[in-house]
>>> print(open('structure.txt').read())   # compact mmCIF, C-alpha atoms and all ligand atoms
# COMPACT_ATOMS: atom_id res chain seq x y z
CA MET G 1 -220.97 -52.54 -0.37
CA ASP G 2 -219.31 -50.09 2.01
CA VAL G 3 -222.47 -48.24 2.95
CA SER G 4 -224.05 -48.97 6.27
CA VAL G 5 -227.27 -46.98 6.38
CA VAL G 6 -229.45 -45.41 3.71
CA GLY G 7 -231.61 -42.59 5.06
CA VAL G 8 -235.11 -41.91 3.86
CA LEU G 9 -236.25 -38.32 4.25
CA ALA G 10 -239.37 -38.69 6.37
CA LEU G 11 -240.65 -35.14 6.82
CA GLN G 12 -243.65 -35.75 4.57
CA GLY G 13 -244.77 -37.93 1.68
CA GLY G 14 -244.26 -41.54 0.65
CA PHE G 15 -241.15 -42.54 2.57
CA ALA G 16 -242.37 -45.87 4.03
CA ALA G 17 -242.57 -47.65 0.68
CA HIS G 18 -239.01 -46.60 -0.14
CA GLU G 19 -237.81 -48.04 3.15
CA HIS G 20 -239.60 -51.26 2.34
CA ALA G 21 -237.94 -51.53 -1.08
CA LEU G 22 -234.49 -50.88 0.39
CA ASN G 23 -235.05 -53.38 3.19
CA GLU G 24 -236.06 -55.96 0.58
CA LEU G 25 -232.63 -55.41 -0.94
CA GLY G 26 -231.06 -56.14 2.44
CA VAL G 27 -230.07 -52.56 3.18
CA ALA G 28 -230.38 -50.94 6.61
CA THR G 29 -232.48 -47.77 6.54
CA ALA G 30 -233.21 -44.90 8.88
CA GLN G 31 -235.90 -42.24 8.75
CA VAL G 32 -234.46 -38.74 8.59
CA ARG G 33 -236.38 -35.97 10.36
CA THR G 34 -233.63 -34.00 12.07
CA PRO G 35 -230.06 -32.85 11.33
CA ALA G 36 -228.86 -35.49 13.83
CA ASP G 37 -230.67 -38.20 11.84
CA LEU G 38 -229.00 -36.99 8.64
CA GLU G 39 -225.61 -37.10 10.33
CA ARG G 40 -225.98 -40.85 10.81
CA VAL G 41 -226.74 -41.88 7.21
CA ASP G 42 -224.44 -42.45 4.24
CA ALA G 43 -226.96 -41.85 1.45
CA LEU G 44 -230.48 -40.49 1.18
CA VAL G 45 -233.75 -41.15 -0.62
CA MET G 46 -236.00 -38.11 -1.04
CA PRO G 47 -239.56 -39.37 -1.64
CA GLY G 48 -242.58 -38.08 -3.48
CA GLY G 49 -245.07 -35.89 -1.71
CA GLU G 50 -245.45 -32.14 -1.97
CA SER G 51 -242.25 -30.29 -2.80
CA THR G 52 -243.48 -26.94 -1.45
CA THR G 53 -244.29 -28.50 1.93
CA MET G 54 -241.07 -30.49 1.97
CA SER G 55 -239.05 -27.37 1.14
CA ARG G 56 -240.61 -25.57 4.10
CA LEU G 57 -240.11 -28.52 6.46
CA LEU G 58 -236.49 -28.90 5.36
CA GLU G 59 -235.91 -25.34 6.52
CA THR G 60 -237.90 -25.44 9.76
CA SER G 61 -236.30 -28.75 10.76
CA GLY G 62 -232.83 -27.28 10.20
CA ILE G 63 -231.97 -29.99 7.67
CA PHE G 64 -231.73 -27.82 4.55
CA ASP G 65 -228.24 -26.35 5.01
CA GLN G 66 -226.75 -29.57 6.30
CA LEU G 67 -228.23 -31.60 3.46
CA ASN G 68 -226.97 -29.02 1.00
CA ALA G 69 -223.46 -29.39 2.43
CA ARG G 70 -223.64 -33.20 2.26
CA LEU G 71 -224.80 -33.06 -1.37
CA ARG G 72 -221.87 -30.77 -2.24
CA VAL G 73 -219.39 -33.37 -0.98
CA GLY G 74 -221.00 -36.18 -2.93
CA MET G 75 -223.52 -37.93 -0.69
CA PRO G 76 -225.51 -40.27 -2.97
CA VAL G 77 -229.15 -39.27 -3.24
CA PHE G 78 -232.20 -40.62 -5.05
CA GLY G 79 -235.05 -38.16 -5.50
CA THR G 80 -238.42 -39.35 -6.74
CA CYS G 81 -241.17 -37.01 -7.93
CA ALA G 82 -241.23 -34.23 -5.31
CA GLY G 83 -237.72 -35.39 -4.39
CA MET G 84 -236.66 -34.81 -7.99
CA ILE G 85 -238.08 -31.29 -7.86
CA LEU G 86 -236.09 -30.55 -4.71
CA LEU G 87 -232.85 -31.71 -6.34
CA ALA G 88 -233.31 -29.77 -9.60
CA THR G 89 -231.36 -26.69 -10.60
CA GLU G 90 -234.45 -24.84 -11.71
CA VAL G 91 -238.12 -25.31 -10.84
CA LEU G 92 -240.87 -23.88 -13.05
CA ASP G 93 -244.36 -23.31 -11.67
CA GLY G 94 -243.03 -23.61 -8.14
CA ARG G 95 -244.07 -21.42 -5.25
CA PRO G 96 -241.89 -18.30 -5.00
CA ASP G 97 -240.57 -19.35 -1.58
CA GLN G 98 -239.84 -22.92 -2.67
CA LYS G 99 -236.15 -23.84 -2.55
CA SER G 100 -234.20 -26.54 -4.36
CA PHE G 101 -230.68 -27.91 -3.99
CA ALA G 102 -229.44 -27.55 -7.60
CA ALA G 103 -227.78 -30.96 -7.23
CA ILE G 104 -228.57 -32.10 -10.78
CA ASP G 105 -228.55 -29.86 -13.85
CA ILE G 106 -232.16 -30.20 -14.89
CA THR G 107 -235.05 -27.79 -15.19
CA VAL G 108 -238.37 -29.28 -14.13
CA ARG G 109 -241.92 -28.06 -14.42
CA ARG G 110 -244.09 -28.99 -11.45
CA ASN G 111 -247.20 -30.92 -12.49
CA GLY G 112 -245.70 -30.79 -15.99
CA TYR G 113 -247.83 -33.59 -17.42
CA GLY G 114 -250.96 -31.49 -17.01
CA ARG G 115 -253.62 -31.14 -14.39
CA GLN G 116 -256.31 -32.89 -16.42
CA VAL G 117 -254.51 -36.20 -16.21
CA ASP G 118 -253.25 -36.07 -12.64
CA SER G 119 -251.91 -39.59 -12.64
CA PHE G 120 -251.11 -42.29 -15.15
CA GLU G 121 -249.15 -45.51 -15.42
CA THR G 122 -247.05 -46.73 -18.29
CA ASP G 123 -244.27 -49.19 -19.07
CA ILE G 124 -240.94 -47.55 -19.82
CA GLU G 125 -237.66 -48.89 -21.16
CA VAL G 126 -234.76 -48.25 -18.80
CA ASP G 127 -231.13 -48.31 -19.87
CA GLY G 128 -229.54 -51.45 -18.51
CA LEU G 129 -232.77 -53.26 -17.60
CA LEU G 130 -233.68 -56.27 -19.70
CA THR G 131 -237.43 -55.82 -19.38
CA SER G 132 -239.58 -52.72 -19.11
CA PHE G 133 -240.36 -50.99 -15.82
CA HIS G 134 -243.91 -50.16 -14.80
CA ALA G 135 -243.86 -46.47 -13.93
CA VAL G 136 -246.52 -44.74 -11.84
CA PHE G 137 -246.75 -40.98 -12.40
CA ILE G 138 -248.65 -38.86 -9.87
CA ARG G 139 -248.82 -35.10 -10.57
CA ALA G 140 -245.34 -35.68 -11.87
CA PRO G 141 -242.70 -33.09 -12.68
CA LYS G 142 -241.59 -32.88 -16.30
CA VAL G 143 -237.95 -32.36 -17.22
CA VAL G 144 -237.99 -29.51 -19.73
CA SER G 145 -234.22 -29.17 -20.16
CA PHE G 146 -231.02 -30.78 -18.95
CA ALA G 147 -227.27 -30.34 -19.23
CA PRO G 148 -225.12 -32.70 -21.34
CA THR G 149 -223.60 -33.99 -18.09
CA VAL G 150 -226.95 -35.56 -17.18
CA GLU G 151 -227.22 -39.21 -18.21
CA VAL G 152 -230.78 -40.03 -19.24
CA LEU G 153 -231.70 -43.61 -18.28
CA ALA G 154 -235.33 -43.51 -19.42
CA SER G 155 -237.64 -41.18 -21.29
CA TYR G 156 -241.37 -40.92 -21.76
CA ASP G 157 -243.06 -38.83 -24.43
CA GLY G 158 -239.74 -37.26 -25.41
CA SER G 159 -238.74 -36.13 -21.90
CA PRO G 160 -236.31 -37.76 -19.47
CA VAL G 161 -238.09 -39.48 -16.57
CA LEU G 162 -235.09 -41.22 -15.00
CA ALA G 163 -231.64 -39.65 -14.93
CA VAL G 164 -228.29 -39.69 -13.18
CA GLN G 165 -225.57 -37.11 -12.76
CA GLY G 166 -222.63 -38.20 -10.63
CA HIS G 167 -224.01 -39.26 -7.24
CA VAL G 168 -227.51 -37.89 -7.92
CA MET G 169 -230.32 -40.04 -9.35
CA VAL G 170 -233.82 -38.74 -10.03
CA ALA G 171 -237.12 -40.19 -11.24
CA SER G 172 -240.23 -38.22 -12.10
CA PHE G 173 -242.34 -41.28 -11.27
CA HIS G 174 -242.75 -43.49 -8.18
CA PRO G 175 -240.57 -46.63 -8.33
CA GLU G 176 -241.50 -47.43 -4.72
CA LEU G 177 -245.17 -48.00 -5.60
CA THR G 178 -244.61 -51.26 -7.46
CA ALA G 179 -242.96 -54.44 -6.21
CA ASP G 180 -240.15 -53.92 -8.72
CA ILE G 181 -237.00 -53.04 -6.78
CA ARG G 182 -234.61 -52.79 -9.72
CA LEU G 183 -234.27 -49.01 -9.60
CA HIS G 184 -233.52 -49.02 -5.90
CA ALA G 185 -230.89 -51.64 -6.71
CA ARG G 186 -229.54 -49.31 -9.38
CA PHE G 187 -229.31 -46.54 -6.80
CA LEU G 188 -227.34 -48.82 -4.48
CA GLN G 189 -224.81 -49.33 -7.29
CA LEU G 190 -224.34 -45.57 -7.34
CA ILE G 191 -223.60 -45.68 -3.65
CA SER G 192 -220.87 -48.26 -4.03
CA THR G 193 -219.00 -46.32 -6.74
CA PRO G 194 -215.76 -45.00 -5.27
CA SER G 195 -216.14 -41.31 -6.24
CA LYS G 196 -217.93 -40.43 -3.03
CA VAL G 197 -216.34 -39.26 0.19
CA THR G 198 -216.55 -42.21 2.58
CA ARG G 199 -217.38 -41.65 6.22
CA SER G 200 -216.57 -44.05 9.00
N1 LIG G 301 -246.67 -32.18 -7.73
C1 LIG G 301 -245.96 -32.50 -6.51
C2 LIG G 301 -245.02 -31.36 -6.13
O1 LIG G 301 -244.97 -30.39 -6.77
C3 LIG G 301 -245.17 -33.78 -6.65
C4 LIG G 301 -246.09 -34.95 -6.73
C5 LIG G 301 -245.51 -36.21 -6.20
O2 LIG G 301 -244.46 -36.22 -5.53
N2 LIG G 301 -246.22 -37.29 -6.41
O3 LIG G 301 -244.34 -31.48 -5.17
>>> encode(input="structure.txt", output="structure tokens", more="lines below")
Ligand code: GLN
Amino acid sequence: MDVSVVGVLALQGGFAAHEHALNELGVATAQVRTPADLERVDALVMPGGESTTMSRLLETSGIFDQLNARLRVGMPVFGTCAGMILLATEVLDGRPDQKSFAAIDITVRRNGYGRQVDSFETDIEVDGLLTSFHAVFIRAPKVVSFAPTVEVLASYDGSPVLAVQGHVMVASFHPELTADIRLHARFLQLISTPSKVTRS
């Protein structure tokens, strides 16, 4: 693999468990809190948390524009839950001042699985995995539409919950909350595909 460091956006939310999963896979990680931190990484995981808060912190920290530029030139990114919301083209039920990167052609509804059932867990079938993956959903976003260019890797209840488009991978659930590191491994495969712009 030609990637040296995978960043984990650490402004807010569940970044530590992502770092742990990546370290288990033998990958060097770095927490990203400033534009200088982002400069030093070759790929990024955007964790779950609260997308409205993360959107605000991305702007106040000065990361937003730089991250946007990196995404435009193909930096691999894996967004989970709130991270998925931030990468989506369109966000329904967001706060009016909430921004997203439009890095993957999906429309998501925040808390789209309903407020009554805040959280649930279920086993899902993932394209390319031999056995099912235990998925933990916490106030998860629901994908309500997606472009044909989006490759759906797993669905639940008729909606995509894991998808890839080019260098962008998103999950509406929390793969970092189980000991199963297969989806992080899948993300690393995305990093090693040659379409991205390599930095030295
Ligand atoms: N509902 C949260 C949001 O809108 C996401 C929840 C999560 O990341 N677990 O940002």
>>> closest_residue(input="structure.txt", among="G:Ala163, G:Leu92, G:Ala82, G:Met46", to="G:Asp127", atoms="only C-alpha atoms")
G:Ala163
>>> residues_near_ligand(input="structure.txt", ligand="ligand LIG 301 (chain G)", cutoff="6 Å", atoms="only C-alpha atoms and all ligand atoms", output="list of chain:residue names")
G:Gly48, G:Gly49, G:Glu50, G:Ser51, G:Thr52, G:Cys81, G:Ala82, G:Arg110, G:Asn111, G:Ile138, G:Arg139, G:Ala140
>>> closest_residue(input="structure.txt", among="G:Gln165, G:Thr178, G:Ser192, G:Thr149", to="G:Phe137", atoms="all atoms listed in the file")
G:Thr178
>>> atom_distance(input="structure.txt", atom1="atom CA of G:Ala185", atom2="atom CA of G:Ser155")
19.2 Å
>>> closest_residue(input="structure.txt", among="G:Lys142, G:Arg70, G:Arg56, G:His167", to="G:Thr107", atoms="all atoms listed in the file")
G:Lys142
